[in-house]
Structure formats: C-alpha cells, structure tokens
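Next up, coords13.cif (mmCIF, C-alpha atoms):
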```cif
data_model
#
loop_
_atom_site.label_atom_id
_atom_site.label_comp_id
_atom_site.auth_asym_id
_atom_site.auth_seq_id
_atom_site.Cartn_x
_atom_site.Cartn_y
_atom_site.Cartn_z
CA MET A 1 121.50 101.87 135.58
CA LEU A 2 122.29 98.99 133.26
CA LEU A 3 118.64 97.95 133.36
CA LEU A 4 117.56 101.50 132.43
CA VAL A 5 119.93 101.51 129.46
CA PHE A 6 118.61 98.12 128.42
CA LEU A 7 114.98 99.26 128.68
CA CYS A 8 115.66 102.50 126.78
CA GLY A 9 117.50 100.52 124.10
CA GLY A 10 114.57 98.12 123.77
CA PHE A 11 112.10 100.99 123.51
CA ALA A 12 114.22 102.74 120.85
CA LEU A 13 114.46 99.46 118.91
CA ALA A 14 110.68 99.03 119.01
CA GLN A 15 110.21 102.61 117.80
CA THR A 16 112.66 102.00 114.98
CA ASP A 17 110.80 98.86 113.91
CA GLU A 18 107.48 100.71 113.81
CA SER A 19 108.85 103.64 111.84
CA GLN A 20 110.67 101.24 109.51
CA VAL A 21 107.42 99.43 108.74
CA ASP A 22 105.64 102.76 108.16
CA GLN A 23 108.46 103.95 105.92
CA ARG A 24 108.61 100.71 103.93
CA MET A 25 104.84 100.70 103.61
CA GLY A 26 105.00 104.25 102.18
CA GLU A 27 107.72 103.18 99.73
CA ALA A 28 105.76 100.10 98.63
CA TYR A 29 102.58 102.16 98.17
CA MET A 30 104.44 104.77 96.11
CA ALA A 31 105.92 102.03 93.92
CA VAL A 32 102.47 100.47 93.35
CA ARG A 33 101.02 103.88 92.56
CA ALA A 34 103.81 104.55 90.03
CA ALA A 35 103.18 101.13 88.44
CA SER A 36 99.49 102.00 88.18
CA GLU A 37 100.31 105.32 86.52
CA SER A 38 102.41 103.35 84.01
CA HIS A 39 99.19 101.43 83.20
CA GLY A 40 100.36 98.32 85.06
CA GLU A 41 97.90 95.81 86.51
CA VAL A 42 98.23 96.49 90.25
CA GLY A 43 95.14 94.83 91.76
CA TYR A 44 97.09 91.91 93.23
CA LEU A 45 99.81 94.26 94.52
CA VAL A 46 97.18 96.31 96.37
CA GLU A 47 95.92 93.06 97.91
CA LEU A 48 99.43 92.19 99.06
CA LEU A 49 99.83 95.65 100.62
CA ASN A 50 96.59 95.15 102.53
CA GLU A 51 97.69 91.71 103.70
CA ALA A 52 100.87 93.31 105.07
CA LEU A 53 98.80 96.03 106.77
CA ALA A 54 96.49 93.42 108.29
CA GLU A 55 99.45 91.43 109.59
CA TYR A 56 100.93 94.56 111.10
CA GLU A 57 97.61 95.44 112.70
CA THR A 58 97.36 92.02 114.32
CA GLY A 59 100.80 92.40 115.88
CA GLU A 60 102.91 90.37 113.48
CA ASP A 61 106.69 90.62 113.83
CA PRO A 62 107.77 93.84 112.02
CA ASP A 63 110.57 91.92 110.25
CA VAL A 64 107.99 89.59 108.68
CA VAL A 65 105.89 92.57 107.58
CA ILE A 66 108.95 94.30 106.12
CA ALA A 67 109.88 91.10 104.25
CA ARG A 68 106.38 90.98 102.77
CA LEU A 69 106.63 94.63 101.74
CA ASP A 70 110.02 93.92 100.12
CA THR A 71 108.30 91.20 98.09
CA VAL A 72 105.68 93.75 97.02
CA LEU A 73 108.46 96.14 95.98
CA ALA A 74 110.15 93.42 93.89
CA LEU A 75 106.86 92.38 92.23
CA THR A 76 106.03 96.02 91.56
CA ALA A 77 109.34 96.52 89.76
CA GLU A 78 108.53 93.49 87.58
CA GLU A 79 105.04 94.81 86.89
CA THR A 80 106.38 98.26 85.97
CA ALA A 81 108.86 96.71 83.52
CA ARG A 82 106.16 94.45 82.06
CA SER A 83 103.72 97.33 81.60
CA ALA A 84 106.42 99.48 79.96
CA GLU A 85 107.18 96.68 77.50
CA ALA A 86 103.47 96.16 76.81
CA ARG A 87 103.05 99.89 76.23
CA ASN A 88 105.98 99.94 73.79
CA ASN A 89 104.51 96.99 71.92
CA LEU A 90 101.13 98.69 71.80
CA LEU A 91 102.78 101.87 70.49
CA VAL A 92 104.48 99.92 67.69
CA VAL A 93 101.26 98.10 66.74
CA THR A 94 99.20 101.31 66.85
CA SER A 95 101.77 103.18 64.75
CA ALA A 96 101.77 100.37 62.19
CA GLN A 97 97.96 100.40 62.09
CA VAL A 98 97.81 104.17 61.65
CA ALA A 99 100.45 104.03 58.88
CA LEU A 100 98.61 101.18 57.13
CA VAL A 101 95.29 103.02 57.27
CA GLY A 102 96.99 106.17 55.90
CA VAL A 103 98.55 104.23 53.02
CA LEU A 104 95.24 102.51 52.26
CA VAL A 105 93.32 105.82 52.26
CA TYR A 106 95.87 107.48 50.00
CA ALA A 107 96.15 104.48 47.64
CA SER A 108 92.36 104.24 47.41
CA TRP A 109 92.05 107.92 46.66
CA ARG A 110 94.84 107.78 44.08
CA HIS A 111 94.20 104.49 42.27
CA LEU A 112 90.72 103.16 43.05
CA PRO A 113 88.79 105.35 40.55
CA ARG A 114 91.14 104.41 37.69
CA LEU A 115 91.00 100.70 38.61
CA PHE A 116 87.23 100.82 38.94
CA TRP A 117 86.57 102.59 35.67
CA SER A 118 89.11 100.51 33.72
CA ARG A 119 87.42 97.33 35.00
CA TRP A 120 84.01 98.80 34.30
CA LEU A 121 85.00 99.68 30.75
CA ARG A 122 86.46 96.21 30.23
CA VAL A 123 83.25 94.55 31.37
CA ARG A 124 80.72 96.96 29.95
CA GLY A 125 82.78 98.53 27.15
CA GLY A 126 81.41 96.60 24.19
CA TRP A 127 78.94 99.30 23.31
CA LEU A 128 76.97 99.31 20.19
CA VAL A 129 75.75 102.69 19.18
CA GLU A 130 72.61 102.57 17.12
CA TYR A 131 71.33 105.46 15.25
CA ALA A 132 67.70 105.70 14.33
CA ASP A 133 67.07 108.07 11.51
CA ARG A 134 63.65 109.64 11.78
CA MET B 1 97.56 123.89 41.87
CA ARG B 2 94.97 122.11 39.80
CA ILE B 3 91.33 121.86 40.82
CA ASP B 4 91.48 118.08 41.45
CA GLU B 5 94.58 118.54 43.67
CA LYS B 6 92.66 121.09 45.74
CA ILE B 7 89.80 118.66 46.10
CA GLN B 8 92.26 115.90 47.02
CA GLY B 9 93.79 118.11 49.76
CA ALA B 10 90.37 119.06 51.08
CA VAL B 11 89.30 115.40 51.27
CA ILE B 12 92.51 114.40 53.11
CA LEU B 13 92.02 117.26 55.60
CA ALA B 14 88.41 116.21 56.12
CA LEU B 15 89.51 112.61 56.74
CA LEU B 16 92.16 113.74 59.26
CA ALA B 17 89.65 115.93 61.09
CA TYR B 18 87.19 113.05 61.20
CA ALA B 19 89.90 110.71 62.57
CA ALA B 20 90.90 113.25 65.25
CA LEU B 21 87.28 113.72 66.31
CA THR B 22 86.81 109.96 66.52
CA VAL B 23 89.98 109.23 68.49
CA ALA B 24 89.88 112.22 70.90
CA PRO B 25 86.97 110.97 73.06
CA ILE B 26 88.64 107.55 73.38
CA ILE B 27 91.85 109.14 74.68
CA LEU B 28 90.27 111.87 76.80
CA GLY B 29 86.96 110.25 77.70
CA ASP B 30 88.07 108.34 80.81
CA ARG B 31 89.58 111.35 82.53
CA ILE B 32 87.64 112.26 85.63
CA VAL B 33 86.97 115.93 86.20
CA GLU B 34 87.29 115.90 89.96
CA PRO B 35 88.71 112.89 91.80
CA PHE B 36 87.13 112.16 95.16
CA SER B 37 87.06 109.69 98.03
CA GLU B 38 84.14 108.36 100.05
CA LEU B 39 83.94 107.80 103.78
CA GLY B 40 80.93 106.38 105.54
CA VAL B 41 80.03 104.93 108.91
CA LEU B 42 77.37 102.24 108.97
CA GLY B 43 75.40 101.08 111.96
CA PRO B 44 75.61 97.63 113.57
CA GLY B 45 73.24 96.25 110.88
CA MET B 46 75.68 97.38 108.19
CA LYS B 47 73.18 100.02 107.08
CA LEU B 48 72.87 103.77 107.30
CA GLY B 49 71.01 104.13 110.58
CA GLY B 50 70.64 102.30 113.85
CA TYR B 51 73.62 104.14 115.31
CA PRO B 52 74.13 103.97 119.06
CA ARG B 53 73.04 107.20 120.81
CA GLU B 54 73.61 106.19 124.38
CA VAL B 55 76.41 103.92 125.57
CA GLU B 56 78.04 103.11 128.85
CA ALA B 57 81.63 104.14 129.42
CA GLY B 58 83.90 101.32 128.30
CA GLU B 59 81.11 99.57 126.39
CA ASP B 60 82.01 98.22 122.96
CA MET B 61 80.19 99.76 120.00
CA SER B 62 80.13 97.73 116.80
CA LEU B 63 80.11 99.83 113.65
CA TYR B 64 81.20 99.49 110.04
CA LEU B 65 83.56 101.73 108.16
CA TYR B 66 83.05 102.27 104.42
CA LEU B 67 85.68 103.65 102.04
CA GLY B 68 85.40 104.34 98.30
CA ASN B 69 88.19 105.39 95.97
CA HIS B 70 87.46 107.51 92.88
CA GLU B 71 90.88 109.17 92.79
CA ARG B 72 91.90 107.58 89.49
CA ARG B 73 94.82 105.84 91.18
CA PRO B 74 95.43 103.46 94.08
CA THR B 75 95.17 105.44 97.30
CA TYR B 76 96.51 104.71 100.77
CA TYR B 77 93.95 105.79 103.36
CA GLN B 78 93.94 106.24 107.09
CA VAL B 79 90.77 106.80 109.08
CA GLN B 80 91.25 108.27 112.53
CA VAL B 81 88.47 108.07 115.09
CA LYS B 82 88.63 111.05 117.44
CA LEU B 83 86.70 112.00 120.51
CA GLY B 84 85.36 115.51 120.99
CA ASP B 85 82.41 117.50 122.19
CA ARG B 86 80.41 120.62 121.42
CA SER B 87 83.29 122.93 122.28
CA MET B 88 85.24 122.07 119.15
CA ASN B 89 83.73 122.16 115.65
CA VAL B 90 84.90 119.96 112.80
CA SER B 91 86.62 121.76 109.95
CA ASP B 92 86.98 120.82 106.28
CA SER B 93 90.46 122.24 106.15
CA GLU B 94 92.09 121.37 109.45
CA SER B 95 92.34 118.09 111.26
CA TYR B 96 90.10 117.76 114.33
CA PRO B 97 92.13 118.32 117.52
CA GLY B 98 90.35 115.67 119.62
CA ALA B 99 92.04 112.64 121.15
CA VAL B 100 92.59 109.75 118.73
CA LEU B 101 90.71 106.65 119.89
CA SER B 102 91.80 104.38 117.06
CA SER B 103 92.99 104.46 113.48
CA TYR B 104 92.59 102.15 110.49
CA ARG B 105 94.64 101.94 107.34
CA HIS B 106 93.83 100.46 103.97
CA VAL B 107 95.01 100.72 100.36
CA LEU B 108 92.26 100.89 97.75
CA ASP B 109 92.63 100.41 94.04
CA ASN B 110 90.92 102.91 91.78
CA GLU B 111 87.11 102.54 91.68
CA ALA B 112 87.22 100.03 94.53
CA ASN B 113 85.43 100.18 97.86
CA TYR B 114 85.91 98.53 101.21
CA THR B 115 83.79 97.88 104.27
CA ARG B 116 85.19 96.66 107.57
CA SER B 117 83.83 96.16 111.03
CA ILE B 118 85.25 98.23 113.85
CA VAL B 119 84.76 98.19 117.59
CA ILE B 120 85.05 101.43 119.54
CA SER B 121 84.64 102.23 123.17
CA VAL B 122 84.72 105.53 125.03
CA LYS B 123 86.26 105.33 128.47
CA GLU B 124 85.01 108.55 130.04
CA PRO B 125 81.34 109.39 130.58
CA GLY B 126 79.88 112.66 129.31
CA LEU B 127 76.92 114.19 127.50
CA ASN B 128 76.96 115.22 123.86
CA ARG B 129 80.23 113.56 123.03
CA ARG B 130 81.24 113.65 119.42
CA LEU B 131 82.93 110.74 117.61
CA VAL B 132 84.67 112.18 114.57
CA PHE B 133 85.79 109.87 111.76
CA GLU B 134 88.41 111.67 109.75
CA LEU B 135 89.72 110.55 106.35
CA GLN B 136 93.40 111.03 105.63
CA LYS B 137 95.34 110.20 102.47
CA TYR B 138 99.00 109.35 102.19
CA SER B 139 100.77 112.30 100.60
CA PRO B 140 103.62 111.26 98.29
CA ASP B 141 105.19 114.71 98.60
CA GLU B 142 105.14 114.86 102.38
CA GLY B 143 105.61 111.14 103.05
CA ARG B 144 102.82 111.11 105.66
CA PHE B 145 99.05 111.05 106.00
CA VAL B 146 97.29 114.33 105.32
CA TYR B 147 93.71 115.27 106.21
CA ASP B 148 91.49 115.13 103.13
CA GLY B 149 88.68 117.36 104.41
CA VAL B 150 86.29 114.39 104.48
CA TRP B 151 84.70 113.47 107.81
CA VAL B 152 81.61 112.08 109.46
CA GLN B 153 80.51 112.20 113.07
CA LEU B 154 78.29 110.48 115.59
CA TRP B 155 76.81 112.12 118.67
CA LEU B 156 76.80 110.10 121.86
CA ASN B 157 75.77 110.34 125.45
CA VAL B 158 78.24 108.28 127.45
CA THR B 159 76.83 107.21 130.79
CA GLU B 160 78.51 105.82 133.89
CA PRO B 161 78.93 102.06 133.73
CA SER B 162 76.18 100.27 135.66
#
```
What does this structure look like when you write it as structure tokens?
Amino acid sequence: MLLLVFLCGGFALAQTDESQVDQRMGEAYMAVRAASESHGEVGYLVELLNEALAEYETGEDPDVVIARLDTVLALTAEETARSAEARNNLLVVTSAQVALVGVLVYASWRHLPRLFWSRWLRVRGGWLVEYADR
Amino acid sequence: MRIDEKIQGAVILALLAYAALTVAPIILGDRIVEPFSELGVLGPGMKLGGYPREVEAGEDMSLYLYLGNHERRPTYYQVQVKLGDRSMNVSDSESYPGAVLSSYRHVLDNEANYTRSIVISVKEPGLNRRLVFELQKYSPDEGRFVYDGVWVQLWLNVTEPS
C-alpha cells in the first residue's frame, strides 16, 4: 500500500514537472512575443527558448529547463524596458525633427523672399538708367 | 483674407499633403496583408522528393521537417506526426484524429525558417497508411497549441519485418 502511494506520488510529481515546463515555456514565449511587439530585438531570446526546448527534448532535468526559462523571462523584461526607452527617445527625436522642419518651412516662406530680394538689391541695385533720345 | 495669405495657406496645405503622402508608405508599407506559416517535409536527401513509399514495420525513416514563419511576430510551433489511412480524410479546419507518433516544437522569429532531421517508424504493418504532418501554433488566448489548418502527408505501404 505504501509502495503504491509512493509510486502514485512519484507519477504525480513527474506530471507536475512536465506541465510546469509547458506552462513556463508558454509564459516565456508570450513575454518574448510581447517584447517583439514593443519593437524589441528578440532574436537571441528566441534562440534561448529553442535551447530550452532542445534540452527538454533530450530529457534534461525539468528544474534546469525551468531555470533557463526563468532567465529568458528576466532577459525579456530587460529587453522590453530597453525597447520602450529607445522608442521614447525616438519619439522625442522625431518630434524635434518634425518641429524643426515645420519652423524652417514657415521661416523660409515668411522671410526668405525678403532676404533674397534685399540682398539682390544691395548687390545689383546700383542701376544706371540711360535714356536715348531718338 | 488677402490674396497672398490665401496663397500662403494653399502652399502650406500642399506641403502637409506632400509630407503625409511621403511618410504614409514608410509607416504602413511593412504591414503584411495576410500572415502565414510554412510547413514542408523533405526526403532523406533534404530535397522535395525521394520519399519512402514502402517501409518495414519498425524501420526508421529519415526525413526533414521545414518550417517558415511569416506571421509578423515570433511564433511557437508544434508539428504532430499522426498515423492514419484512407478511412479518415485530412481537414483544413479540424485536427486529424489519427494516433500521434511524435511531435516537435520550435519557436521561430519573424521571417525565419528552420529545417531539422526527424526519424519516424511505424510499428504496425498495413497498406495505404497515411503519415499526416500537422502544424499547430501556440494560442496566447487559449494557452495551448491550436491546429493551424496547415498539413502535409505521405502515403506508405508498411510491410511485415523480414
């Protein structure tokens, strides 16, 4: 009876390990996918996920696989934060560029003709008008 | 409003329209109309063709599995190899009900592909056996693999071992 309980307990533990790996793998994949949708660079994270899958396939200890997936989750969080910061920086730079172009277009439209013609008159303004009486 | 102010407004509007037309393709251009995934089975020479047609029960068949991701995001795939026969047809909407011989999982980044060798054996002899390779994708909503409607199959005659 005791042996049966022991065997059932061992089987349940093995089942738990397998489902835990599957669950953690799903979580890690979802995190990587979210990082990708935030325009993060996820190529190396995908590689790490596949390494974990390969280890699991070759019968590696589920605890080791779960530890690797936890590392992926931590790295993914870092990548998500980094990509969010990069996106904010890009937004600031793009906004500044758009504003600068707008100001330049408006200033050119408003002041360039006057500047051009005043310079032109200064350079070429010494006209001499000759009148030929026929 | 003076004439030159009207002209000024018209020029600014024209410049804005030009800017919008220039920027729009850059923002929208890389959006794919219909995302899709690729599944292929290659023969022992890693080419399309040369597939085994007749094998002995229990004999190892060496094949290659090819996956391609054009889903615009990293995708977690599972390929299940199932055994069937003429009595059951493969559907694009429902998973094939045959017995699962083996399954393979892989995560692919967007626009990436992957080829791996696989070894399959069929234990029971029979004529016109069907090996169905079924592509499943991990569904974030359901938290499990879901049949994608993509499949390929190989027909086999499995003979008694000599």
- Excluding segment 115-131 of chain B and any residue of its chain fewer than 4 positions from it, enumerate the residues within 8 Å of it, using all atoms listed in the file, and give them as number ranges by chain. B: 56-67, 81-86, 101-102, 153-160
Which residues are near Val79 of chain B? Cut-off 6 Å, all atoms listed in the file, ignore same chain within fewer than 5 positions. Put them as a compact mmCIF listing (two decimals) with C-alpha atoms, keeping the file's coordinate frame.
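Output saved as around.txt:
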```
# COMPACT_ATOMS: atom_id res chain seq x y z
CA SER B 103 92.99 104.46 113.48
CA TYR B 104 92.59 102.15 110.49
CA GLU B 134 88.41 111.67 109.75
CA LEU B 135 89.72 110.55 106.35
```
- Message: Could you tell me which residues of chain B sit within 12 Å of chain A when counting all atoms listed in the file, and give me the result as a ChimeraX atom specification?
- Response: /B:4-5,7-9,11-13,15-16,19-20,23,71-78,102-112,114,116,137-145
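Every protein or nucleic acid residue with an atom no more than 7 Å from Arg24 of chain A, counting all atoms listed in the file and leaving out same-chain residues fewer than 3 positions away, appears here: A:Gln20, A:Val21, A:Glu27, A:Ala28, A:Ile66, A:Leu69.
Atom CA of Glu79 of chain A is positioned 23.9 Å from atom CA of Ser95 of chain A.
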- Task: Work out how far apart atom CA of Leu104 of chain A and atom CA of Val123 of chain A are and give it in Å to one decimal.
- Result: 25.4 Å
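The spacing separating atom CA of Val64 of chain A from atom CA of Glu18 of chain A amounts to 12.3 Å.
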What residues come out when you apply the PyMOL selection byres ((chain B and resi 90) around 10) to this file, written as a compact mmCIF listing (two decimals) with C-alpha atoms, keeping the file's coordinate frame?
```txt
# COMPACT_ATOMS: atom_id res chain seq x y z
CA GLY B 84 85.36 115.51 120.99
CA ARG B 86 80.41 120.62 121.42
CA MET B 88 85.24 122.07 119.15
CA ASN B 89 83.73 122.16 115.65
CA SER B 91 86.62 121.76 109.95
CA ASP B 92 86.98 120.82 106.28
CA SER B 93 90.46 122.24 106.15
CA GLU B 94 92.09 121.37 109.45
CA SER B 95 92.34 118.09 111.26
CA TYR B 96 90.10 117.76 114.33
CA PRO B 97 92.13 118.32 117.52
CA GLY B 98 90.35 115.67 119.62
CA ARG B 130 81.24 113.65 119.42
CA VAL B 132 84.67 112.18 114.57
CA GLU B 134 88.41 111.67 109.75
CA GLY B 149 88.68 117.36 104.41
CA TRP B 151 84.70 113.47 107.81
CA VAL B 152 81.61 112.08 109.46
CA GLN B 153 80.51 112.20 113.07
```
- Task: Point out the residue among A:Leu112, A:Ala99, A:Ala52, A:Thr94 with the least atom-to-atom distance to Asp70 of chain A, counting all atoms listed in the file.
- Result: A:Ala52
Taking all listed atoms of segment 73-83 of chain A, build the axis-aligned box, pad each of the six sides by 3 Å, then write its centre and edge lengths in Å to one decimal as AutoDock Vina command-line options.
```
--center_x 106.9 --center_y 95.3 --center_z 88.8 --size_x 12.4 --size_y 11.9 --size_z 20.4
```
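In terms of minimum interatomic distance to Ser19 of chain A, A:Pro62 ranks closest within A:Val101, A:Arg114, A:Thr71, A:Pro62, counting all atoms listed in the file.
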- Task: For the structure shown, which residues end up in the PyMOL selection byres ((chain B and resi 52) around 8)? Put them as a ChimeraX atom specification, please?
- Result: /B:43,50-51,53-55,61,156
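Among the candidates B:Ala10, B:Ala99, B:Pro161, B:Gln80, the residue lying nearest to Val146 of chain B is B:Gln80 (atoms considered: all atoms listed in the file).
Nearest to Asp17 of chain A of all the residues A:Val65, A:Ala31, A:Val92, A:Ala74 is A:Val65, based on only C-alpha atoms.
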Rebuild segment 115-140 of chain B to N, CA, C and O atoms - output it as an mmCIF file, keeping the file's coordinate frame, please.
```cif
data_model
loop_
_atom_site.group_PDB
_atom_site.id
_atom_site.type_symbol
_atom_site.label_atom_id
_atom_site.label_comp_id
_atom_site.auth_asym_id
_atom_site.auth_seq_id
_atom_site.Cartn_x
_atom_site.Cartn_y
_atom_site.Cartn_z
ATOM 1 N N THR B 115 84.561 97.741 103.026
ATOM 2 C CA THR B 115 83.790 97.880 104.270
ATOM 3 C C THR B 115 84.417 96.967 105.320
ATOM 4 O O THR B 115 84.718 95.810 105.021
ATOM 5 N N ARG B 116 84.629 97.492 106.502
ATOM 6 C CA ARG B 116 85.190 96.660 107.570
ATOM 7 C C ARG B 116 84.479 96.955 108.889
ATOM 8 O O ARG B 116 83.979 98.064 109.107
ATOM 9 N N SER B 117 84.448 95.953 109.721
ATOM 10 C CA SER B 117 83.830 96.160 111.030
ATOM 11 C C SER B 117 84.857 96.783 111.973
ATOM 12 O O SER B 117 86.050 96.483 111.876
ATOM 13 N N ILE B 118 84.373 97.633 112.836
ATOM 14 C CA ILE B 118 85.250 98.230 113.850
ATOM 15 C C ILE B 118 84.537 98.190 115.196
ATOM 16 O O ILE B 118 83.294 98.172 115.244
ATOM 17 N N VAL B 119 85.321 98.163 116.230
ATOM 18 C CA VAL B 119 84.760 98.190 117.590
ATOM 19 C C VAL B 119 85.409 99.354 118.329
ATOM 20 O O VAL B 119 86.634 99.451 118.386
ATOM 21 N N ILE B 120 84.545 100.227 118.856
ATOM 22 C CA ILE B 120 85.050 101.430 119.540
ATOM 23 C C ILE B 120 84.425 101.513 120.921
ATOM 24 O O ILE B 120 83.239 101.175 121.099
ATOM 25 N N SER B 121 85.219 101.967 121.854
ATOM 26 C CA SER B 121 84.640 102.230 123.170
ATOM 27 C C SER B 121 85.186 103.554 123.700
ATOM 28 O O SER B 121 86.330 103.918 123.416
ATOM 29 N N VAL B 122 84.324 104.254 124.423
ATOM 30 C CA VAL B 122 84.720 105.530 125.030
ATOM 31 C C VAL B 122 84.849 105.299 126.530
ATOM 32 O O VAL B 122 83.935 104.776 127.164
ATOM 33 N N LYS B 123 85.975 105.664 127.065
ATOM 34 C CA LYS B 123 86.260 105.330 128.470
ATOM 35 C C LYS B 123 85.586 106.267 129.466
ATOM 36 O O LYS B 123 85.187 105.863 130.544
ATOM 37 N N GLU B 124 85.497 107.568 129.064
ATOM 38 C CA GLU B 124 85.010 108.550 130.040
ATOM 39 C C GLU B 124 83.569 108.948 129.750
ATOM 40 O O GLU B 124 83.221 109.228 128.607
ATOM 41 N N PRO B 125 82.724 108.985 130.794
ATOM 42 C CA PRO B 125 81.340 109.390 130.580
ATOM 43 C C PRO B 125 81.219 110.887 130.278
ATOM 44 O O PRO B 125 82.104 111.675 130.633
ATOM 45 N N GLY B 126 80.126 111.254 129.614
ATOM 46 C CA GLY B 126 79.880 112.660 129.310
ATOM 47 C C GLY B 126 78.715 112.784 128.349
ATOM 48 O O GLY B 126 78.437 111.868 127.571
ATOM 49 N N LEU B 127 78.054 113.950 128.399
ATOM 50 C CA LEU B 127 76.920 114.190 127.500
ATOM 51 C C LEU B 127 77.405 114.859 126.223
ATOM 52 O O LEU B 127 78.394 115.601 126.235
ATOM 53 N N ASN B 128 76.664 114.604 125.159
ATOM 54 C CA ASN B 128 76.960 115.220 123.860
ATOM 55 C C ASN B 128 78.427 115.063 123.449
ATOM 56 O O ASN B 128 79.094 116.033 123.119
ATOM 57 N N ARG B 129 78.878 113.834 123.528
ATOM 58 C CA ARG B 129 80.230 113.560 123.030
ATOM 59 C C ARG B 129 80.142 113.353 121.523
ATOM 60 O O ARG B 129 79.165 112.836 121.007
ATOM 61 N N ARG B 130 81.208 113.727 120.883
ATOM 62 C CA ARG B 130 81.240 113.650 119.420
ATOM 63 C C ARG B 130 82.320 112.664 118.986
ATOM 64 O O ARG B 130 83.480 112.818 119.375
ATOM 65 N N LEU B 131 81.937 111.644 118.191
ATOM 66 C CA LEU B 131 82.930 110.740 117.610
ATOM 67 C C LEU B 131 83.172 111.199 116.177
ATOM 68 O O LEU B 131 82.274 111.146 115.338
ATOM 69 N N VAL B 132 84.361 111.658 115.905
ATOM 70 C CA VAL B 132 84.670 112.180 114.570
ATOM 71 C C VAL B 132 85.516 111.160 113.821
ATOM 72 O O VAL B 132 86.558 110.720 114.318
ATOM 73 N N PHE B 133 85.039 110.777 112.639
ATOM 74 C CA PHE B 133 85.790 109.870 111.760
ATOM 75 C C PHE B 133 86.400 110.733 110.664
ATOM 76 O O PHE B 133 85.677 111.341 109.876
ATOM 77 N N GLU B 134 87.703 110.745 110.634
ATOM 78 C CA GLU B 134 88.410 111.670 109.750
ATOM 79 C C GLU B 134 89.195 110.883 108.695
ATOM 80 O O GLU B 134 89.960 109.980 109.041
ATOM 81 N N LEU B 135 89.021 111.251 107.438
ATOM 82 C CA LEU B 135 89.720 110.550 106.350
ATOM 83 C C LEU B 135 91.039 111.248 106.016
ATOM 84 O O LEU B 135 91.057 112.464 105.787
ATOM 85 N N GLN B 136 92.094 110.478 106.000
ATOM 86 C CA GLN B 136 93.400 111.030 105.630
ATOM 87 C C GLN B 136 93.976 110.207 104.486
ATOM 88 O O GLN B 136 93.762 109.003 104.421
ATOM 89 N N LYS B 137 94.693 110.892 103.593
ATOM 90 C CA LYS B 137 95.340 110.200 102.470
ATOM 91 C C LYS B 137 96.847 110.343 102.588
ATOM 92 O O LYS B 137 97.338 111.376 103.052
ATOM 93 N N TYR B 138 97.536 109.295 102.151
ATOM 94 C CA TYR B 138 99.000 109.350 102.190
ATOM 95 C C TYR B 138 99.474 110.317 101.108
ATOM 96 O O TYR B 138 99.138 110.174 99.934
ATOM 97 N N SER B 139 100.257 111.304 101.543
ATOM 98 C CA SER B 139 100.770 112.300 100.600
ATOM 99 C C SER B 139 102.152 111.879 100.114
ATOM 100 O O SER B 139 103.083 111.784 100.916
ATOM 101 N N PRO B 140 102.304 111.653 98.809
ATOM 102 C CA PRO B 140 103.620 111.260 98.290
ATOM 103 C C PRO B 140 104.660 112.347 98.510
ATOM 104 O O PRO B 140 105.832 112.057 98.750
#
```
